[in-house]
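Content type mmCIF, C-alpha atoms, from the file upload-v3.cif:
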data_target
#
loop_
_atom_site.label_atom_id
_atom_site.label_comp_id
_atom_site.auth_asym_id
_atom_site.auth_seq_id
_atom_site.Cartn_x
_atom_site.Cartn_y
_atom_site.Cartn_z
CA MET A 1 14.97 -22.48 -21.22
CA LEU A 2 14.86 -18.73 -20.59
CA LYS A 3 11.68 -16.93 -19.55
CA LYS A 4 10.70 -13.27 -19.85
CA ALA A 5 8.42 -11.24 -17.60
CA VAL A 6 7.73 -7.60 -16.87
CA GLY A 7 7.52 -6.81 -13.18
CA ILE A 8 8.34 -4.48 -10.29
CA VAL A 9 10.96 -5.26 -7.65
CA ILE A 10 9.23 -5.55 -4.28
CA ARG A 11 11.86 -7.30 -2.17
CA ARG A 12 15.62 -7.85 -2.12
CA VAL A 13 17.59 -9.89 0.39
CA ALA A 14 21.35 -10.42 0.61
CA TYR A 15 22.41 -14.04 0.19
CA GLY A 16 25.95 -14.82 1.22
CA ASP A 17 28.68 -12.33 0.44
CA ASN A 18 28.00 -11.91 -3.25
CA HIS A 19 24.44 -12.75 -4.18
CA LEU A 20 20.95 -11.28 -3.92
CA ILE A 21 17.55 -12.90 -3.80
CA ILE A 22 15.12 -10.53 -5.45
CA THR A 23 11.36 -10.83 -5.66
CA PHE A 24 9.32 -9.03 -8.29
CA LEU A 25 5.58 -8.80 -8.85
CA ASN A 26 4.80 -9.59 -12.46
CA GLU A 27 1.95 -8.31 -14.61
CA ALA A 28 -0.18 -11.31 -13.72
CA GLY A 29 0.12 -10.40 -10.06
CA VAL A 30 2.40 -13.33 -9.21
CA LYS A 31 5.44 -12.94 -6.95
CA VAL A 32 8.55 -14.37 -8.58
CA ALA A 33 11.73 -14.99 -6.56
CA LEU A 34 15.07 -15.13 -8.36
CA MET A 35 18.68 -15.63 -7.41
CA ALA A 36 20.86 -12.84 -8.80
CA ARG A 37 24.33 -14.34 -8.65
CA ASN A 38 27.23 -12.01 -7.86
CA ALA A 39 24.83 -9.05 -7.91
CA ARG A 40 26.51 -7.48 -4.87
CA LYS A 41 29.98 -7.57 -6.44
CA SER A 42 29.16 -6.93 -10.09
CA THR A 43 27.75 -4.01 -12.09
CA LYS A 44 26.02 -6.41 -14.48
CA TYR A 45 22.52 -5.43 -13.34
CA GLY A 46 23.24 -1.76 -12.59
CA SER A 47 20.56 -0.37 -10.26
CA GLY A 48 17.87 -2.52 -11.80
CA LEU A 49 17.50 -4.71 -8.73
CA ASP A 50 16.63 -1.83 -6.40
CA LEU A 51 13.13 -1.53 -4.98
CA PHE A 52 10.47 0.07 -7.20
CA TYR A 53 12.31 -0.66 -10.48
CA GLU A 54 10.01 -1.87 -13.23
CA ASN A 55 12.00 -4.17 -15.49
CA LEU A 56 11.88 -6.77 -18.18
CA PHE A 57 13.36 -9.76 -16.39
CA ILE A 58 15.03 -12.59 -18.28
CA PHE A 59 15.62 -15.68 -16.17
CA SER A 60 15.72 -19.46 -16.07
CA GLN A 61 13.33 -21.35 -13.82
CA PHE A 62 12.29 -24.97 -13.60
CA LYS A 63 11.10 -25.69 -10.07
CA GLY A 64 11.32 -23.36 -7.10
CA MET A 65 13.57 -20.31 -7.24
CA GLY A 66 14.83 -19.23 -10.64
CA THR A 67 18.13 -17.66 -11.65
CA LEU A 68 18.26 -14.16 -13.09
CA SER A 69 20.08 -13.69 -16.39
CA SER A 70 19.50 -10.02 -17.19
CA VAL A 71 17.23 -7.02 -16.61
CA ASP A 72 16.14 -4.25 -18.93
CA THR A 73 14.76 -1.26 -17.02
CA ILE A 74 11.42 0.16 -18.15
CA ASN A 75 10.87 2.67 -15.34
CA SER A 76 13.22 3.36 -12.43
CA HIS A 77 10.73 5.62 -10.61
CA TYR A 78 13.71 7.81 -9.74
CA GLU A 79 11.48 10.61 -8.37
CA ILE A 80 10.57 8.40 -5.44
CA ARG A 81 14.16 8.44 -4.17
CA GLU A 82 14.43 12.24 -4.16
CA ASP A 83 12.32 12.68 -1.00
CA ILE A 84 12.66 10.56 2.15
CA TYR A 85 8.92 10.77 2.84
CA VAL A 86 7.96 9.74 -0.69
CA MET A 87 10.42 6.84 -0.56
CA THR A 88 9.11 5.63 2.80
CA TYR A 89 5.48 5.85 1.68
CA ALA A 90 6.46 3.89 -1.44
CA GLN A 91 8.11 1.27 0.78
CA TYR A 92 4.90 1.12 2.80
CA VAL A 93 2.81 0.53 -0.34
CA VAL A 94 5.18 -2.18 -1.60
CA GLU A 95 5.27 -3.93 1.76
CA LEU A 96 1.49 -3.72 2.18
CA ILE A 97 0.83 -5.33 -1.21
CA ASP A 98 3.61 -7.89 -0.75
CA ARG A 99 2.25 -9.04 2.61
CA ALA A 100 -1.30 -9.27 1.23
CA LEU A 101 -0.37 -11.86 -1.42
CA GLU A 102 0.43 -15.51 -0.87
CA GLU A 103 3.59 -16.77 -2.58
CA ASP A 104 1.66 -18.77 -5.20
CA GLU A 105 -1.29 -16.38 -5.59
CA THR A 106 -2.27 -14.73 -8.88
CA ASN A 107 -3.78 -11.25 -8.61
CA PRO A 108 -3.45 -8.88 -11.60
CA TYR A 109 -5.24 -6.15 -9.63
CA ALA A 110 -2.41 -6.09 -7.10
CA TYR A 111 0.12 -5.40 -9.87
CA GLN A 112 -2.07 -2.70 -11.38
CA LEU A 113 -2.51 -1.08 -7.96
CA LEU A 114 1.24 -1.10 -7.31
CA LYS A 115 2.15 0.26 -10.73
CA VAL A 116 -0.38 3.11 -10.64
CA ALA A 117 0.62 4.04 -7.09
CA LEU A 118 4.35 4.21 -7.84
CA THR A 119 3.73 6.15 -11.04
CA HIS A 120 1.93 8.96 -9.18
CA MET A 121 4.13 9.15 -6.06
CA LYS A 122 6.14 12.24 -6.93
CA ARG A 123 5.51 14.60 -3.97
CA SER A 124 5.29 13.88 -0.25
CA ASP A 125 1.73 15.25 0.06
CA LYS A 126 0.52 13.21 -2.91
CA ALA A 127 2.44 10.12 -1.74
CA ARG A 128 0.65 10.17 1.59
CA LEU A 129 -2.78 10.33 -0.05
CA ILE A 130 -1.89 7.53 -2.46
CA ALA A 131 -0.63 5.38 0.41
CA LEU A 132 -3.94 5.96 2.19
CA LEU A 133 -5.89 4.97 -0.90
CA VAL A 134 -3.77 1.84 -1.37
CA SER A 135 -4.37 0.96 2.30
CA ILE A 136 -8.12 1.06 1.69
CA LYS A 137 -7.91 -0.87 -1.59
CA CYS A 138 -5.71 -3.55 0.01
CA MET A 139 -8.09 -4.32 2.87
CA PRO A 140 -10.16 -6.83 0.84
CA LEU A 141 -6.91 -8.61 -0.12
CA TYR A 142 -6.45 -9.28 3.60
CA GLY A 143 -10.06 -10.46 3.93
CA TYR A 144 -11.52 -7.35 5.56
CA VAL A 145 -14.04 -4.96 3.98
CA PRO A 146 -14.92 -1.74 5.86
CA ASN A 147 -18.36 -0.20 5.40
CA PHE A 148 -18.35 3.53 4.69
CA LYS A 149 -21.59 3.39 2.72
CA TYR A 150 -24.33 2.87 5.30
CA SER A 151 -24.93 2.20 8.98
CA THR A 152 -25.45 -1.48 9.78
CA TYR A 153 -27.04 -0.38 13.06
CA ASP A 154 -30.14 1.15 11.49
CA GLY A 155 -29.62 0.98 7.72
CA ASN A 156 -29.17 4.75 7.39
CA MET A 157 -27.57 5.67 4.03
CA THR A 158 -27.60 9.46 4.45
CA HIS A 159 -23.93 10.45 4.52
CA LYS A 160 -24.52 13.81 6.20
CA ASP A 161 -25.83 11.98 9.29
CA PHE A 162 -22.69 9.94 9.99
CA ILE A 163 -20.57 11.10 12.93
CA ALA A 164 -18.40 8.08 13.87
CA TYR A 165 -17.08 4.69 12.82
CA SER A 166 -18.12 1.72 14.94
CA PHE A 167 -15.89 -1.34 15.17
CA GLN A 168 -18.76 -3.15 16.90
CA PHE A 169 -21.03 -2.68 13.89
CA ASN A 170 -18.14 -2.37 11.40
CA SER A 171 -19.71 0.60 9.71
CA VAL A 172 -20.26 4.32 9.81
CA VAL A 173 -22.91 5.24 12.37
CA THR A 174 -25.19 8.09 13.36
CA GLN A 175 -25.77 9.61 16.80
CA GLU A 176 -28.43 7.02 17.66
CA ALA A 177 -25.95 4.12 17.41
CA LEU A 178 -23.72 5.58 20.13
CA ILE A 179 -26.22 4.31 22.71
CA GLU A 180 -25.23 0.76 21.75
CA ASP A 181 -21.58 1.52 21.00
CA PRO A 182 -20.25 4.44 23.07
CA HIS A 183 -16.70 3.46 22.02
CA ALA A 184 -17.29 4.25 18.34
CA ILE A 185 -14.50 6.45 16.95
CA PRO A 186 -15.68 10.06 16.43
CA MET A 187 -14.98 11.37 12.93
CA THR A 188 -15.88 14.49 11.01
CA ASN A 189 -18.65 13.92 8.53
CA LYS A 190 -16.40 15.12 5.72
CA SER A 191 -13.69 12.54 6.53
CA LEU A 192 -16.21 9.70 6.56
CA TYR A 193 -17.61 10.83 3.23
CA MET A 194 -14.12 11.07 1.72
CA LEU A 195 -13.36 7.53 2.95
CA TYR A 196 -16.49 6.37 1.16
CA LEU A 197 -15.39 8.09 -2.05
CA LEU A 198 -11.87 6.66 -1.81
CA SER A 199 -13.24 3.16 -1.32
CA GLU A 200 -15.33 3.54 -4.47
CA VAL A 201 -12.99 5.48 -6.79
CA PRO A 202 -11.15 3.51 -9.50
CA ILE A 203 -7.41 3.39 -8.96
CA GLU A 204 -6.88 4.95 -12.40
CA SER A 205 -8.24 8.21 -10.94
CA LEU A 206 -5.35 8.57 -8.48
CA SER A 207 -3.74 11.54 -10.19
CA SER A 208 -6.90 13.67 -10.07
CA ILE A 209 -7.55 13.37 -6.31
CA ASN A 210 -6.64 16.21 -3.95
CA ILE A 211 -7.60 16.26 -0.27
CA GLU A 212 -6.50 18.66 2.46
CA GLN A 213 -3.92 17.32 4.91
CA SER A 214 -6.09 17.69 8.02
CA LEU A 215 -8.62 15.27 6.52
CA ILE A 216 -5.87 12.86 5.52
CA ASP A 217 -4.62 12.93 9.14
CA GLU A 218 -8.02 11.89 10.43
CA MET A 219 -8.65 9.27 7.77
CA GLU A 220 -5.18 7.78 8.10
CA THR A 221 -5.60 7.40 11.88
CA LEU A 222 -8.83 5.45 11.42
CA VAL A 223 -7.44 3.26 8.64
CA TYR A 224 -4.38 2.38 10.74
CA LYS A 225 -6.68 1.43 13.63
CA MET A 226 -8.62 -0.82 11.27
CA TYR A 227 -5.44 -2.61 10.29
CA ASP A 228 -4.52 -3.05 13.94
CA GLU A 229 -8.00 -4.19 14.99
CA PHE A 230 -9.17 -6.36 12.09
CA ILE A 231 -6.08 -7.35 10.07
CA GLY A 232 -3.21 -7.42 12.54
CA VAL A 233 -0.42 -7.19 9.96
CA PHE A 234 2.83 -5.50 11.02
CA ILE A 235 4.20 -3.13 8.38
CA LYS A 236 7.70 -2.00 9.30
CA SER A 237 7.66 1.09 7.07
CA ARG A 238 4.43 2.28 8.71
CA LYS A 239 6.23 2.42 12.06
CA ILE A 240 9.03 4.42 10.43
CA LEU A 241 6.49 6.88 8.99
CA GLU A 242 4.86 7.35 12.38
CA GLN A 243 8.25 8.00 13.99
CA MET A 244 9.16 10.53 11.30
CA ARG A 245 5.91 12.43 11.79
CA ARG A 246 6.37 12.50 15.56
CA LEU A 247 9.83 13.99 15.09
CA ASP A 248 8.43 16.64 12.73
CA ASN A 249 5.72 17.55 15.21
CA TYR A 250 8.28 17.78 17.99
CA LYS A 251 10.37 20.22 15.95
#
Encoding of this model in structure tokens:
Amino acid sequence: MLKKAVGIVIRRVAYGDNHLIITFLNEAGVKVALMARNARKSTKYGSGLDLFYENLFIFSQFKGMGTLSSVDTINSHYEIREDIYVMTYAQYVVELIDRALEEDETNPYAYQLLKVALTHMKRSDKARLIALLVSIKCMPLYGYVPNFKYSTYDGNMTHKDFIAYSFQFNSVVTQEALIEDPHAIPMTNKSLYMLYLLSEVPIESLSSINIEQSLIDEMETLVYKMYDEFIGVFIKSRKILEQMRRLDNYK
């Protein structure tokens, strides 16, 4: 019996000389793995099995991996492939969401987050901001929730007083907290406030957000440190992005 599902391709792996194993995230937020037979030698599927493609998938599946019958492309997100930075940030977002979900997990929010992110990734500056926002929104999926709202050291909720982020207290902190945690990461007050706003903003508001690059630099550095310190997930495309930026700075 054939099944139908709308989803976005998040992974593709060569299998043998002719086949592909593709994984898509469906609208229910479930990862579905399918064998696409002869996909590497045939034009049957066109480009529909490439990363980021949103398709209607028709496939057979009983137990375990299913077999793909056909795809009907809904959105190719072709703009993503026109800029190497945009494409790499999109790969980062896909990989981040993919790694956050267990194989049998159901999470409609993850699909919504991925779809909205890919839809708005059209320029390299916007792609970087969206990737940052997705990084923040994905943290709870990994079991970690940062605190940009108030200081757990003294309960202070006045945003203009925050000058650093403390891993010891896992929160923004004021000058007084540095006595107890001198290793807290110094941050501009504006960056900490923007991180608070990004953590609270609905993902549907992605297209209306604009933040200067210097603030994104600072926020991105802290968020990456949080992933290293509290989550410990290795994202290959993040390493590629960091290498690309180092090369640009060297030039």
Checklist entry - So which residues fall inside 7 Å of (-6.7, 10.2, 4.9) if we count all atoms listed in the file? Mind giving them as number ranges by chain? => result A: 129, 132, 215-220
Checklist entry - the PyMOL selection byres ((chain A and resi 20) around 12) on the file shown: which residues, as a ChimeraX atom specification? => result /A:11-19,21-23,33-42,45,49-50,67-68
Next on the checklist: Using only C-alpha atoms, which protein or nucleic acid residues come within 12 Å of Ser214 (chain A)? Drop anything in the same chain fewer than 5 positions from it, and give the result as a PyMOL selection string.
Outcome noted: chain A and resi 125+128-129+187-188+190-191+219-221
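Residues matched by the PyMOL selection byres ((chain A and resi 226-230) around 10) in this file: Ser135, Ile136, Met139, Tyr142, Gly143, Tyr144, Val145, Pro146, Phe167, Asn170, Glu220, Thr221, Leu222, Val223, Tyr224, Lys225, Ile231, Gly232, Val233, Phe234 and Ile235 of chain A.
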Item to check | Residues within 8 Å of Ala117 (chain A), only C-alpha atoms, excluding chain neighbours under 3 positions, as a PyMOL selection string | outcome: chain A and resi 93+113-114+120-121+130-131+134+206
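Take CA of Ala110 (chain A) and CA of Ile58 (chain A): the distance between them is 21.7 Å.
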Item to check | Among the residues A:Leu141, A:Ala90, A:Leu192, A:Leu2, the one that comes closest to Ser166 (chain A) [using only C-alpha atoms] | outcome: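 Of A:Leu141, A:Ala90, A:Leu192, A:Leu2, the one nearest Ser166 (chain A), counting only C-alpha atoms, is A:Leu192.
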Checklist entry - Taking only C-alpha atoms into account, which of A:Tyr109, A:Phe59, A:Phe162, A:Tyr193 comes nearest Ile97 (chain A)? => result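 Counting only C-alpha atoms, the residue closest to Ile97 (chain A) is A:Tyr109.
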Item to check | Coordinates-based distance that separates CA of Leu195 (chain A) from CA of His159 (chain A) (Å, one decimal) | outcome: 11.1 Å
